[in-house]
file upload16.txt (compact mmCIF, C-alpha atoms and all ligand atoms)
# COMPACT_ATOMS: atom_id res chain seq x y z
CA MET A 1 -5.81 5.07 -21.22
CA TRP A 2 -2.83 7.15 -20.17
CA TYR A 3 0.20 8.10 -22.27
CA PHE A 4 2.92 5.79 -20.99
CA SER A 5 6.50 5.93 -22.26
CA ASP A 6 7.82 2.89 -24.14
CA GLU A 7 9.61 1.77 -20.98
CA GLU A 8 6.41 2.10 -18.94
CA LYS A 9 4.38 0.23 -21.59
CA GLN A 10 6.91 -2.57 -21.46
CA LEU A 11 6.70 -2.65 -17.66
CA GLN A 12 2.91 -2.83 -17.89
CA GLU A 13 3.03 -5.79 -20.30
CA VAL A 14 5.58 -7.67 -18.19
CA CYS A 15 3.55 -7.12 -15.01
CA LYS A 16 0.28 -8.11 -16.72
CA ASP A 17 1.87 -11.36 -17.85
CA PHE A 18 3.42 -12.03 -14.42
CA ALA A 19 0.08 -11.39 -12.67
CA ARG A 20 -1.73 -13.75 -15.07
CA LYS A 21 0.76 -16.57 -14.56
CA GLU A 22 2.04 -16.20 -11.00
CA ILE A 23 -0.56 -14.26 -9.01
CA LEU A 24 -4.11 -14.73 -10.29
CA PRO A 25 -4.21 -18.56 -10.26
CA HIS A 26 -3.42 -18.59 -6.50
CA ALA A 27 -5.29 -15.50 -5.33
CA GLU A 28 -8.49 -17.21 -4.23
CA LYS A 29 -6.69 -19.90 -2.24
CA HIS A 30 -4.52 -17.41 -0.38
CA ASP A 31 -7.61 -15.36 0.45
CA THR A 32 -9.47 -18.42 1.76
CA ASP A 33 -6.53 -19.82 3.72
CA GLU A 34 -5.24 -16.41 4.81
CA THR A 35 -1.76 -17.24 3.56
CA PHE A 36 0.99 -15.32 1.82
CA ASN A 37 2.08 -16.20 -1.73
CA ILE A 38 5.75 -15.98 -0.86
CA GLU A 39 6.76 -17.85 -4.04
CA ALA A 40 5.27 -15.13 -6.24
CA PHE A 41 6.68 -12.44 -3.96
CA LYS A 42 10.21 -13.81 -4.30
CA LYS A 43 9.78 -14.06 -8.10
CA MET A 44 8.97 -10.32 -8.12
CA GLY A 45 12.64 -9.91 -7.23
CA GLU A 46 13.64 -11.70 -10.45
CA LEU A 47 11.10 -9.57 -12.32
CA GLY A 48 12.97 -6.49 -11.06
CA VAL A 49 10.07 -4.67 -9.39
CA LEU A 50 10.84 -5.06 -5.68
CA GLY A 51 13.16 -2.07 -5.94
CA ILE A 52 11.09 -0.23 -8.54
CA THR A 53 12.11 3.22 -7.21
CA ALA A 54 15.55 2.23 -5.88
CA ASP A 55 18.77 3.41 -7.47
CA PRO A 56 20.25 1.00 -10.07
CA GLU A 57 23.51 1.27 -8.08
CA TYR A 58 21.83 -0.96 -5.49
CA GLY A 59 20.05 -3.17 -8.02
CA GLY A 60 16.88 -1.08 -8.26
CA ALA A 61 14.90 -0.18 -11.39
CA GLY A 62 15.42 3.57 -10.82
CA MET A 63 11.87 4.36 -11.92
CA GLY A 64 9.28 6.68 -10.38
CA CYS A 65 5.86 6.86 -8.80
CA LEU A 66 4.04 6.39 -12.11
CA ALA A 67 5.94 3.16 -12.82
CA ALA A 68 5.27 1.90 -9.28
CA THR A 69 1.57 2.67 -9.78
CA ILE A 70 1.51 0.68 -13.03
CA VAL A 71 2.79 -2.34 -11.09
CA MET A 72 0.16 -1.76 -8.37
CA GLU A 73 -2.62 -1.61 -10.97
CA GLU A 74 -1.58 -4.77 -12.79
CA PHE A 75 -0.90 -6.83 -9.65
CA GLY A 76 -3.94 -5.28 -7.94
CA LYS A 77 -6.26 -6.64 -10.64
CA ALA A 78 -5.16 -10.16 -9.73
CA CYS A 79 -4.59 -10.13 -5.95
CA PRO A 80 -4.83 -6.87 -3.99
CA GLY A 81 -3.61 -8.67 -0.84
CA LEU A 82 -0.31 -9.74 -2.33
CA THR A 83 -0.03 -6.29 -3.92
CA LEU A 84 -0.40 -4.63 -0.52
CA SER A 85 2.56 -6.71 0.69
CA PHE A 86 4.46 -5.66 -2.42
CA LEU A 87 3.64 -2.02 -1.58
CA ALA A 88 4.76 -2.39 2.06
CA HIS A 89 8.06 -3.80 0.87
CA SER A 90 8.82 -1.64 -2.16
CA ILE A 91 7.33 1.70 -1.12
CA LEU A 92 7.19 1.66 2.69
CA ALA A 93 10.54 -0.06 3.30
CA VAL A 94 12.70 0.19 0.14
CA ASN A 95 11.63 3.67 -1.02
CA ASN A 96 12.02 5.07 2.50
CA ILE A 97 15.54 3.65 2.76
CA GLU A 98 16.37 4.90 -0.75
CA ASN A 99 15.32 8.46 0.13
CA ASN A 100 16.37 8.83 3.75
CA ALA A 101 19.17 6.40 4.64
CA SER A 102 22.93 7.04 4.42
CA ASP A 103 24.96 5.60 1.52
CA GLU A 104 26.36 3.04 3.92
CA GLN A 105 22.90 1.95 5.05
CA LYS A 106 21.66 1.81 1.47
CA ALA A 107 24.59 -0.36 0.41
CA LYS A 108 23.93 -2.64 3.36
CA TYR A 109 20.15 -3.09 3.04
CA LEU A 110 18.95 -2.32 -0.47
CA PRO A 111 20.63 -5.06 -2.54
CA LYS A 112 19.00 -7.90 -0.57
CA LEU A 113 15.63 -6.14 -0.40
CA VAL A 114 15.65 -5.52 -4.13
CA THR A 115 16.26 -9.19 -5.00
CA GLY A 116 13.70 -10.41 -2.47
CA GLU A 117 16.30 -12.22 -0.38
CA HIS A 118 15.07 -10.00 2.44
CA ILE A 119 11.50 -8.84 3.02
CA GLY A 120 10.80 -5.38 4.40
CA CYS A 121 8.04 -3.77 6.43
CA MET A 122 7.39 -0.33 7.92
CA GLY A 123 6.21 0.33 11.48
CA MET A 124 4.40 3.59 12.09
CA SER A 125 0.98 2.73 13.58
CA GLU A 126 0.53 1.65 17.19
CA PRO A 127 -2.39 0.23 19.17
CA GLU A 128 -3.33 3.70 20.49
CA TYR A 129 -1.97 5.87 17.65
CA GLY A 130 -3.23 5.43 14.08
CA SER A 131 -4.49 8.61 12.41
CA ASP A 132 -2.49 10.59 14.98
CA ALA A 133 0.80 9.11 13.75
CA VAL A 134 2.93 11.95 15.15
CA GLY A 135 1.68 11.02 18.62
CA ILE A 136 3.37 7.58 18.61
CA GLN A 137 4.76 6.36 21.94
CA THR A 138 7.27 3.62 21.03
CA ARG A 139 10.37 5.02 22.71
CA ALA A 140 14.03 4.86 21.75
CA GLN A 141 16.16 5.84 24.74
CA LYS A 142 19.87 6.57 24.15
CA ASP A 143 22.06 4.39 26.35
CA GLY A 144 25.79 4.83 25.61
CA ASP A 145 26.53 3.72 22.04
CA HIS A 146 23.13 2.13 21.54
CA TYR A 147 19.40 2.72 22.03
CA LEU A 148 16.86 0.79 24.07
CA ILE A 149 13.52 0.56 22.28
CA ASN A 150 10.20 -0.16 24.05
CA GLY A 151 6.70 -0.26 22.63
CA THR A 152 4.44 -2.01 20.13
CA LYS A 153 3.72 -1.39 16.46
CA MET A 154 0.30 -2.51 15.25
CA TRP A 155 -1.17 -3.48 11.83
CA ILE A 156 2.24 -4.00 10.27
CA THR A 157 2.03 -5.45 6.77
CA ASN A 158 4.62 -8.23 6.24
CA ALA A 159 5.56 -8.27 9.97
CA GLN A 160 5.69 -12.08 10.18
CA TYR A 161 7.82 -12.43 7.04
CA SER A 162 10.03 -9.40 7.53
CA ASP A 163 13.81 -9.42 7.85
CA ILE A 164 14.08 -5.64 7.95
CA ALA A 165 11.75 -3.12 9.61
CA TYR A 166 11.80 0.63 9.00
CA VAL A 167 10.46 1.89 12.31
CA TYR A 168 9.41 5.27 13.70
CA THR A 169 10.09 5.92 17.40
CA ARG A 170 9.86 8.72 19.95
CA THR A 171 13.20 10.13 21.13
CA GLY A 172 11.96 13.18 23.04
CA GLU A 173 8.99 14.65 24.84
CA GLU A 174 8.19 17.26 22.20
CA ARG A 175 5.49 15.93 19.88
CA LYS A 176 7.65 16.21 16.79
CA ASN A 177 10.67 14.54 18.38
CA LEU A 178 10.53 11.31 16.42
CA SER A 179 13.43 9.26 15.01
CA THR A 180 13.67 6.44 12.50
CA PHE A 181 15.61 3.18 12.70
CA ILE A 182 16.32 0.38 10.23
CA LEU A 183 15.99 -2.74 12.33
CA GLU A 184 17.04 -6.33 11.71
CA LYS A 185 15.01 -9.26 12.93
CA ALA A 186 18.07 -11.53 12.85
CA LYS A 187 19.83 -9.25 15.36
CA GLY A 188 16.88 -9.55 17.74
CA HIS A 189 15.90 -5.91 17.31
CA TYR A 190 12.20 -6.82 17.39
CA ASP A 191 9.80 -9.67 18.04
CA VAL A 192 6.69 -10.34 16.02
CA GLY A 193 3.35 -10.63 17.84
CA LYS A 194 0.25 -12.52 16.90
CA PRO A 195 -1.07 -12.40 13.33
CA ILE A 196 -4.06 -10.14 12.81
CA HIS A 197 -7.04 -11.77 11.04
CA LYS A 198 -8.84 -9.53 8.59
CA MET A 199 -11.99 -9.25 6.47
CA GLY A 200 -9.96 -8.52 3.32
CA MET A 201 -6.38 -8.30 2.11
CA ARG A 202 -6.13 -11.79 3.56
CA GLY A 203 -3.30 -12.66 1.18
CA SER A 204 -1.19 -10.05 2.97
CA PRO A 205 0.22 -10.96 6.40
CA THR A 206 -0.44 -8.35 9.10
CA GLY A 207 1.06 -8.42 12.60
CA GLU A 208 2.62 -6.58 15.49
CA LEU A 209 6.24 -5.60 16.09
CA ILE A 210 7.14 -5.82 19.77
CA PHE A 211 10.02 -4.04 21.48
CA GLU A 212 10.97 -4.90 25.05
CA ASN A 213 14.21 -3.20 26.02
CA SER A 214 15.42 -4.01 22.49
CA LYS A 215 19.08 -3.06 22.23
CA VAL A 216 19.79 -1.31 18.92
CA GLU A 217 23.25 -0.07 17.89
CA LYS A 218 23.34 3.63 16.99
CA GLU A 219 24.33 2.98 13.36
CA HIS A 220 20.72 1.82 12.79
CA LEU A 221 19.44 5.39 13.27
CA VAL A 222 18.38 6.99 9.97
CA GLY A 223 19.64 10.54 9.54
CA LYS A 224 19.64 12.57 12.73
CA GLU A 225 17.51 12.22 15.83
CA GLY A 226 14.28 14.11 15.27
CA ASP A 227 14.23 13.69 11.45
CA SER A 228 11.27 11.30 11.43
CA VAL A 229 8.33 13.62 10.86
CA TYR A 230 9.95 14.82 7.65
CA HIS A 231 10.64 11.21 6.50
CA MET A 232 7.10 10.18 7.37
CA MET A 233 5.29 12.99 5.56
CA LYS A 234 7.48 12.74 2.47
CA ASN A 235 6.96 9.02 2.00
CA LEU A 236 3.23 9.15 2.75
CA GLU A 237 2.72 11.02 -0.54
CA ILE A 238 4.04 8.23 -2.77
CA GLU A 239 2.40 5.66 -0.49
CA ARG A 240 -1.00 7.29 -1.03
CA LEU A 241 -0.63 7.59 -4.79
CA THR A 242 0.54 4.00 -5.21
CA ILE A 243 -2.07 2.45 -2.90
CA ALA A 244 -4.68 4.21 -5.06
CA GLY A 245 -3.15 2.21 -7.94
CA ILE A 246 -4.28 -1.01 -6.23
CA SER A 247 -7.83 0.37 -6.13
CA LEU A 248 -7.62 1.28 -9.80
CA GLY A 249 -6.65 -2.34 -10.54
CA ILE A 250 -9.59 -3.55 -8.43
CA ALA A 251 -12.03 -1.29 -10.31
CA GLN A 252 -10.74 -2.44 -13.71
CA ALA A 253 -10.95 -6.11 -12.67
CA CYS A 254 -14.59 -5.52 -11.66
CA VAL A 255 -15.41 -3.86 -15.00
CA ASP A 256 -13.76 -6.71 -16.95
CA GLN A 257 -15.63 -9.33 -14.94
CA CYS A 258 -18.96 -7.49 -15.41
CA LEU A 259 -18.54 -7.20 -19.18
CA LYS A 260 -17.87 -10.93 -19.42
CA TYR A 261 -20.80 -11.84 -17.21
CA ALA A 262 -23.28 -9.48 -18.89
CA ASN A 263 -22.47 -11.10 -22.23
CA GLU A 264 -22.95 -14.64 -20.87
CA ARG A 265 -25.68 -14.62 -18.25
CA LYS A 266 -29.18 -15.10 -19.65
CA GLN A 267 -32.44 -14.19 -17.92
CA PHE A 268 -35.89 -13.97 -19.57
CA GLY A 269 -34.30 -15.46 -22.71
CA LYS A 270 -31.76 -12.65 -23.25
CA ASN A 271 -28.25 -11.77 -22.12
CA ILE A 272 -28.55 -9.52 -19.06
CA GLY A 273 -26.30 -7.08 -20.98
CA ASP A 274 -29.31 -6.42 -23.25
CA TYR A 275 -31.20 -4.77 -20.38
CA GLN A 276 -30.78 -1.04 -20.03
CA LEU A 277 -30.49 -1.13 -16.23
CA ILE A 278 -27.46 -3.41 -16.56
CA GLN A 279 -26.05 -1.27 -19.38
CA LYS A 280 -26.32 1.80 -17.13
CA MET A 281 -24.29 0.05 -14.42
CA ILE A 282 -21.63 -1.02 -16.92
CA ALA A 283 -21.45 2.38 -18.60
CA GLU A 284 -21.07 4.16 -15.27
CA MET A 285 -18.48 1.83 -13.78
CA ALA A 286 -16.37 1.82 -16.96
CA THR A 287 -16.53 5.62 -17.18
CA GLU A 288 -15.63 6.03 -13.51
CA THR A 289 -12.68 3.66 -13.89
CA GLU A 290 -11.42 5.62 -16.88
CA MET A 291 -11.73 8.85 -14.87
CA MET A 292 -9.82 7.27 -11.98
CA ARG A 293 -7.07 6.13 -14.36
CA ASN A 294 -6.61 9.55 -15.94
CA PHE A 295 -6.80 11.34 -12.60
CA LEU A 296 -4.34 9.02 -10.85
CA TYR A 297 -1.74 8.72 -13.60
CA ASN A 298 -1.88 12.46 -14.16
CA LEU A 299 -1.04 13.04 -10.48
CA CYS A 300 1.74 10.40 -10.59
CA TYR A 301 3.19 11.98 -13.73
CA ARG A 302 3.24 15.37 -12.01
CA TYR A 303 4.73 13.86 -8.83
CA ASP A 304 7.60 12.38 -10.86
CA ARG A 305 8.25 15.85 -12.30
CA GLY A 306 8.58 17.43 -8.88
CA GLU A 307 4.99 18.61 -8.41
CA LYS A 308 4.71 17.00 -5.00
CA GLY A 309 2.61 17.84 -1.99
CA PRO A 310 0.20 16.39 0.52
CA VAL A 311 -2.97 17.68 -1.18
CA THR A 312 -2.83 15.90 -4.54
CA ALA A 313 -1.70 12.64 -2.91
CA ALA A 314 -4.59 12.89 -0.44
CA MET A 315 -7.03 13.63 -3.29
CA ALA A 316 -5.96 10.44 -5.09
CA LYS A 317 -6.07 8.42 -1.88
CA LEU A 318 -9.53 9.72 -1.02
CA GLN A 319 -11.25 9.49 -4.36
CA VAL A 320 -9.85 6.41 -6.12
CA PRO A 321 -10.45 3.85 -3.31
CA LYS A 322 -13.88 5.36 -2.56
CA MET A 323 -14.96 5.02 -6.19
CA ALA A 324 -13.52 1.50 -6.38
CA THR A 325 -15.65 0.39 -3.40
CA LYS A 326 -18.75 1.71 -5.17
CA ILE A 327 -17.76 -0.05 -8.39
CA ALA A 328 -17.08 -3.34 -6.57
CA LEU A 329 -20.49 -3.15 -4.84
CA ASP A 330 -22.22 -2.48 -8.20
CA ALA A 331 -20.29 -5.39 -9.71
CA ILE A 332 -21.67 -7.68 -6.99
CA GLN A 333 -25.16 -6.39 -7.78
CA LEU A 334 -24.69 -7.05 -11.49
CA HIS A 335 -23.72 -10.67 -10.74
CA GLY A 336 -26.79 -11.24 -8.56
CA GLY A 337 -26.48 -14.20 -6.15
CA TYR A 338 -23.27 -15.34 -7.85
CA GLY A 339 -21.71 -11.98 -7.05
CA TYR A 340 -22.45 -12.51 -3.38
CA SER A 341 -20.99 -16.02 -3.53
CA ARG A 342 -17.34 -16.94 -3.53
CA GLU A 343 -17.60 -18.45 -7.00
CA PHE A 344 -16.54 -15.12 -8.52
CA PRO A 345 -13.67 -12.86 -7.40
CA ILE A 346 -15.87 -9.76 -6.99
CA GLU A 347 -16.68 -10.17 -3.30
CA ARG A 348 -12.95 -10.65 -2.54
CA LEU A 349 -12.09 -7.52 -4.52
CA MET A 350 -14.72 -5.56 -2.59
CA ARG A 351 -13.41 -6.81 0.80
CA ASP A 352 -9.83 -6.08 -0.25
CA ASN A 353 -10.62 -2.60 -1.51
CA LYS A 354 -12.25 -1.50 1.75
CA LEU A 355 -8.78 -1.49 3.35
CA ASN A 356 -7.66 1.20 0.91
CA GLU A 357 -10.17 3.58 2.49
CA ILE A 358 -8.45 3.00 5.87
CA GLY A 359 -4.74 2.12 5.46
CA ALA A 360 -2.20 4.87 4.67
CA GLY A 361 -4.64 7.34 6.23
CA THR A 362 -8.42 7.09 6.40
CA ASN A 363 -10.86 8.89 4.11
CA GLU A 364 -11.63 11.30 6.96
CA VAL A 365 -7.93 12.13 7.43
CA MET A 366 -7.58 12.71 3.66
CA ILE A 367 -10.51 15.15 3.80
CA MET A 368 -8.83 16.95 6.71
CA ILE A 369 -5.51 17.24 4.82
CA ILE A 370 -7.11 18.53 1.63
CA ALA A 371 -9.40 21.05 3.33
CA LYS A 372 -6.87 22.34 5.88
CA ASN A 373 -4.18 22.90 3.24
CA LEU A 374 -6.49 24.56 0.73
CA LEU A 375 -8.02 26.83 3.36
CA LYS A 376 -4.57 27.79 4.67
CA GLU A 377 -3.32 28.58 1.16
CA THR A 378 -6.26 30.87 0.47
CA ALA A 379 -6.57 32.54 3.90
CA GLN A 380 -6.02 36.34 3.85
C1 LIG A 401 -4.58 -4.34 6.73
C2 LIG A 401 -3.85 -3.17 7.29
C3 LIG A 401 -2.52 -2.97 6.97
C4 LIG A 401 -1.80 -1.91 7.54
N1 LIG A 401 -0.45 -1.79 7.29
C5 LIG A 401 0.27 -0.88 8.00
C6 LIG A 401 1.70 -0.87 7.91
O1 LIG A 401 2.32 -1.66 7.18
N2 LIG A 401 2.39 0.02 8.69
C7 LIG A 401 1.75 0.90 9.53
O2 LIG A 401 2.43 1.67 10.20
N3 LIG A 401 0.39 0.93 9.61
C8 LIG A 401 -0.35 0.05 8.89
N4 LIG A 401 -1.73 0.04 8.98
C9 LIG A 401 -2.39 0.99 9.88
C10 LIG A 401 -3.23 2.05 9.19
O3 LIG A 401 -2.41 3.01 8.59
C11 LIG A 401 -4.20 2.63 10.25
O4 LIG A 401 -5.16 1.62 10.50
C12 LIG A 401 -4.86 3.91 9.80
O5 LIG A 401 -3.93 4.95 9.73
C13 LIG A 401 -6.00 4.32 10.76
O6 LIG A 401 -5.59 4.28 12.09
P1 LIG A 401 -6.48 3.50 13.18
O7 LIG A 401 -6.77 2.16 12.63
O8 LIG A 401 -5.79 3.57 14.48
O9 LIG A 401 -7.84 4.29 13.25
P2 LIG A 401 -8.14 5.63 14.17
O10 LIG A 401 -7.09 6.65 13.93
O11 LIG A 401 -8.40 5.21 15.57
O12 LIG A 401 -9.48 6.10 13.49
C14 LIG A 401 -10.78 5.62 13.86
C15 LIG A 401 -11.82 6.47 13.13
O13 LIG A 401 -11.73 7.83 13.56
C16 LIG A 401 -11.56 8.68 12.45
N5 LIG A 401 -10.74 9.82 12.85
C17 LIG A 401 -9.53 9.82 13.48
N6 LIG A 401 -9.09 11.07 13.66
C18 LIG A 401 -10.03 11.89 13.15
C19 LIG A 401 -10.17 13.31 13.02
N7 LIG A 401 -9.23 14.15 13.47
N8 LIG A 401 -11.29 13.81 12.42
C20 LIG A 401 -12.24 12.97 11.96
N9 LIG A 401 -12.18 11.63 12.05
C21 LIG A 401 -11.09 11.10 12.63
C22 LIG A 401 -10.88 7.82 11.39
O14 LIG A 401 -11.06 8.35 10.10
C23 LIG A 401 -11.61 6.50 11.62
O15 LIG A 401 -12.83 6.54 10.96
C24 LIG A 401 -2.47 -0.99 8.39
C25 LIG A 401 -3.84 -1.16 8.68
C26 LIG A 401 -4.51 -2.25 8.17
C27 LIG A 401 -5.96 -2.43 8.55
call {"tool": "encode", "arguments": {"input": "upload16.txt", "output": "structure tokens"}}
result
Amino acid sequence: MWYFSDEEKQLQEVCKDFARKEILPHAEKHDTDETFNIEAFKKMGELGVLGITADPEYGGAGMGCLAATIVMEEFGKACPGLTLSFLAHSILAVNNIENNASDEQKAKYLPKLVTGEHIGCMGMSEPEYGSDAVGIQTRAQKDGDHYLINGTKMWITNAQYSDIAYVYTRTGEERKNLSTFILEKAKGHYDVGKPIHKMGMRGSPTGELIFENSKVEKEHLVGKEGDSVYHMMKNLEIERLTIAGISLGIAQACVDQCLKYANERKQFGKNIGDYQLIQKMIAEMATETEMMRNFLYNLCYRYDRGEKGPVTAAMAKLQVPKMATKIALDAIQLHGGYGYSREFPIERLMRDNKLNEIGAGTNEVMIMIIAKNLLKETAQ
């Protein structure tokens, strides 16, 4: 366990209850049909979590990274796909606007995003630029009192359902010359391309954002031209910590399912939980999950107290999803043929978790960030 405040404990209970009633019963169907549980998503607005980190002035909960991670864990246990969409909205769109937009922009966009009347997404990745995010080529060219945007954003969570897109563009030849815009689908700022079909996270819609000479008024620019790299790097830290929360939820769901199954399934006249090989699997996966929980919430707690930085966020993003994949694979093993079948949620959890080793920066990129920063800090 971790030492949550009374407010955080209350949030955890409310989210647990919401996930049990509104998310879990529909998770399998949305995975099979590759559909989005928009009803539950909209109800998250009533629950008050869509603006978990947004200022109460705009209807937000005014809480921090640790609180957001609690929500990710609880929702992630039930349906990681829907939780990824929740993350794209609340952390990639809302939290970015909260931290980087002007007061005027916040007053315009946050209230509707926080209630769920509008759905948000964030466009960084492109067909040719993923890990190399600073290399993006979607261009915003100044043309009088507006910009013309051209390019394509790829892998965008919530694209098809989005009303608002927080989008990174190139505004100059220098590599770091990137600028951010808050775009509105209703104003024709972007089109949405074909849906992308996936092995996991199938309850989360993924698509392209397409810009063809899209005319965007200059008041949609966030901050100053060239501010984007700073916005991007700052938000990636909370994104990486909170996405690790989804993996923590996945690991805990696997442990819970294994404990239940080991106490029920009989082979050779005994519960399989009586066999030491099964006990070893359970002991290890429960211990690893507890380590992940303490590690992750400790880093979130420190983040909320100003101890920020790319290294700790990358450590969480590297280690928690990696361990959750191992746990999900062991959980399939423990369930035998049933684990490999779609009768149990384990195979879905395993497919869903694999994304968390890729999205928000791959494992390899996390290793690069950790090693480069540590070596630089200690170089003579
Ligand atoms: C389901 C899903 C949802 C997503 N949602 C969003 C979203 O909402 N918004 C958004 O902007 N993006 C989103 N993404 C994109 C995601 O962030 C990228 O997929 C990720 O950053 C990796 O980029 P890439 O897929 O282009 O892989 P690449 O960068 O092409 O990487 C391919 C391989 O090369 C490795 N590699 C790359 N560079 C190096 C290096 N220097 N050293 C060693 N190895 C390296 C990588 O680790 C990987 O193994 C999403 C992706 C998916 C699959």
call {"tool": "residues_around", "arguments": {"input": "upload16.txt", "residues": "A:Ala316", "least_positions_apart": "4", "cutoff": "10 Å", "atoms": "only C-alpha atoms", "output": "PDB file with C-alpha atoms, in the coordinates of the input"}}
result
ATOM      1  CA  GLU A 237       2.720  11.020  -0.540  1.00  0.00           C
ATOM      2  CA  ARG A 240      -1.000   7.290  -1.030  1.00  0.00           C
ATOM      3  CA  LEU A 241      -0.630   7.590  -4.790  1.00  0.00           C
ATOM      4  CA  THR A 242       0.540   4.000  -5.210  1.00  0.00           C
ATOM      5  CA  ILE A 243      -2.070   2.450  -2.900  1.00  0.00           C
ATOM      6  CA  ALA A 244      -4.680   4.210  -5.060  1.00  0.00           C
ATOM      7  CA  GLY A 245      -3.150   2.210  -7.940  1.00  0.00           C
ATOM      8  CA  MET A 292      -9.820   7.270 -11.980  1.00  0.00           C
ATOM      9  CA  PHE A 295      -6.800  11.340 -12.600  1.00  0.00           C
ATOM     10  CA  LEU A 296      -4.340   9.020 -10.850  1.00  0.00           C
ATOM     11  CA  TYR A 297      -1.740   8.720 -13.600  1.00  0.00           C
ATOM     12  CA  LEU A 299      -1.040  13.040 -10.480  1.00  0.00           C
ATOM     13  CA  CYS A 300       1.740  10.400 -10.590  1.00  0.00           C
ATOM     14  CA  VAL A 311      -2.970  17.680  -1.180  1.00  0.00           C
ATOM     15  CA  THR A 312      -2.830  15.900  -4.540  1.00  0.00           C
ATOM     16  CA  VAL A 320      -9.850   6.410  -6.120  1.00  0.00           C
ATOM     17  CA  PRO A 321     -10.450   3.850  -3.310  1.00  0.00           C
ATOM     18  CA  LYS A 322     -13.880   5.360  -2.560  1.00  0.00           C
ATOM     19  CA  MET A 366      -7.580  12.710   3.660  1.00  0.00           C
TER      20      MET A 366
END
call {"tool": "residues_near_ligand", "arguments": {"input": "upload16.txt", "ligand": "ligand LIG 401 (chain A)", "cutoff": "8 Å", "atoms": "all atoms listed in the file", "output": "MDAnalysis selection string"}}
result
chainID A and resid 84 88 92 121:133 153:159 198 200:201 204 206 355 358:365 368
call {"tool": "atom_distance", "arguments": {"input": "upload16.txt", "atom1": "atom CA of A:Asn263", "atom2": "atom CA of A:Ile327"}}
result
18.3 Å
call {"tool": "residues_near_point", "arguments": {"input": "upload16.txt", "point": "(-14.1, 6.6, -8.2)", "cutoff": "12 Å", "atoms": "only C-alpha atoms", "output": "PyMOL selection string"}}
result
chain A and resi 244-245+247-252+284-296+315-328+353+357
call {"tool": "atom_distance", "arguments": {"input": "upload16.txt", "atom1": "atom CA of A:Leu334", "atom2": "atom CA of A:His26"}}
result
24.7 Å
call {"tool": "residues_around", "arguments": {"input": "upload16.txt", "residues": "stretch 141-150 of chain A", "least_positions_apart": "4", "cutoff": "9 Å", "atoms": "all atoms listed in the file", "output": "list in words"}}
result
Gln137, Thr169, Arg170, Thr171, Gly172, His189, Tyr190, Ile210, Phe211, Glu212, Asn213, Ser214, Lys215, Val216, Glu217, Lys218 and Glu219 of chain A
call {"tool": "write_last_selection", "arguments": {"input": "upload16.txt", "atoms": "C-alpha atoms", "output": "PDB file, in the coordinates of the input"}}
result
ATOM      1  CA  GLN A 137       4.760   6.360  21.940  1.00  0.00           C
ATOM      2  CA  THR A 169      10.090   5.920  17.400  1.00  0.00           C
ATOM      3  CA  ARG A 170       9.860   8.720  19.950  1.00  0.00           C
ATOM      4  CA  THR A 171      13.200  10.130  21.130  1.00  0.00           C
ATOM      5  CA  GLY A 172      11.960  13.180  23.040  1.00  0.00           C
ATOM      6  CA  HIS A 189      15.900  -5.910  17.310  1.00  0.00           C
ATOM      7  CA  TYR A 190      12.200  -6.820  17.390  1.00  0.00           C
ATOM      8  CA  ILE A 210       7.140  -5.820  19.770  1.00  0.00           C
ATOM      9  CA  PHE A 211      10.020  -4.040  21.480  1.00  0.00           C
ATOM     10  CA  GLU A 212      10.970  -4.900  25.050  1.00  0.00           C
ATOM     11  CA  ASN A 213      14.210  -3.200  26.020  1.00  0.00           C
ATOM     12  CA  SER A 214      15.420  -4.010  22.490  1.00  0.00           C
ATOM     13  CA  LYS A 215      19.080  -3.060  22.230  1.00  0.00           C
ATOM     14  CA  VAL A 216      19.790  -1.310  18.920  1.00  0.00           C
ATOM     15  CA  GLU A 217      23.250  -0.070  17.890  1.00  0.00           C
ATOM     16  CA  LYS A 218      23.340   3.630  16.990  1.00  0.00           C
ATOM     17  CA  GLU A 219      24.330   2.980  13.360  1.00  0.00           C
TER      18      GLU A 219
END
call {"tool": "atom_distance", "arguments": {"input": "upload16.txt", "atom1": "atom CA of A:Ile369", "atom2": "atom CA of A:Thr69"}}
result
21.8 Å
call {"tool": "residues_around", "arguments": {"input": "upload16.txt", "residues": "A:Lys224", "least_positions_apart": "4", "cutoff": "9 Å", "atoms": "all atoms listed in the file", "output": "PDB file with C-alpha atoms, keeping the file's coordinate frame"}}
result
ATOM      1  CA  SER A 179      13.430   9.260  15.010  1.00  0.00           C
ATOM      2  CA  THR A 180      13.670   6.440  12.500  1.00  0.00           C
ATOM      3  CA  SER A 228      11.270  11.300  11.430  1.00  0.00           C
TER       4      SER A 228
END
call {"tool": "closest_residue", "arguments": {"input": "upload16.txt", "among": "A:Glu239, A:Glu343, A:Glu8, A:Glu74", "to": "A:Thr32", "atoms": "all atoms listed in the file"}}
result
A:Glu343
call {"tool": "closest_residue", "arguments": {"input": "upload16.txt", "among": "A:Thr115, A:Asn96, A:Ser341, A:Ser85", "to": "A:Thr35", "atoms": "only C-alpha atoms"}}
result
A:Ser85
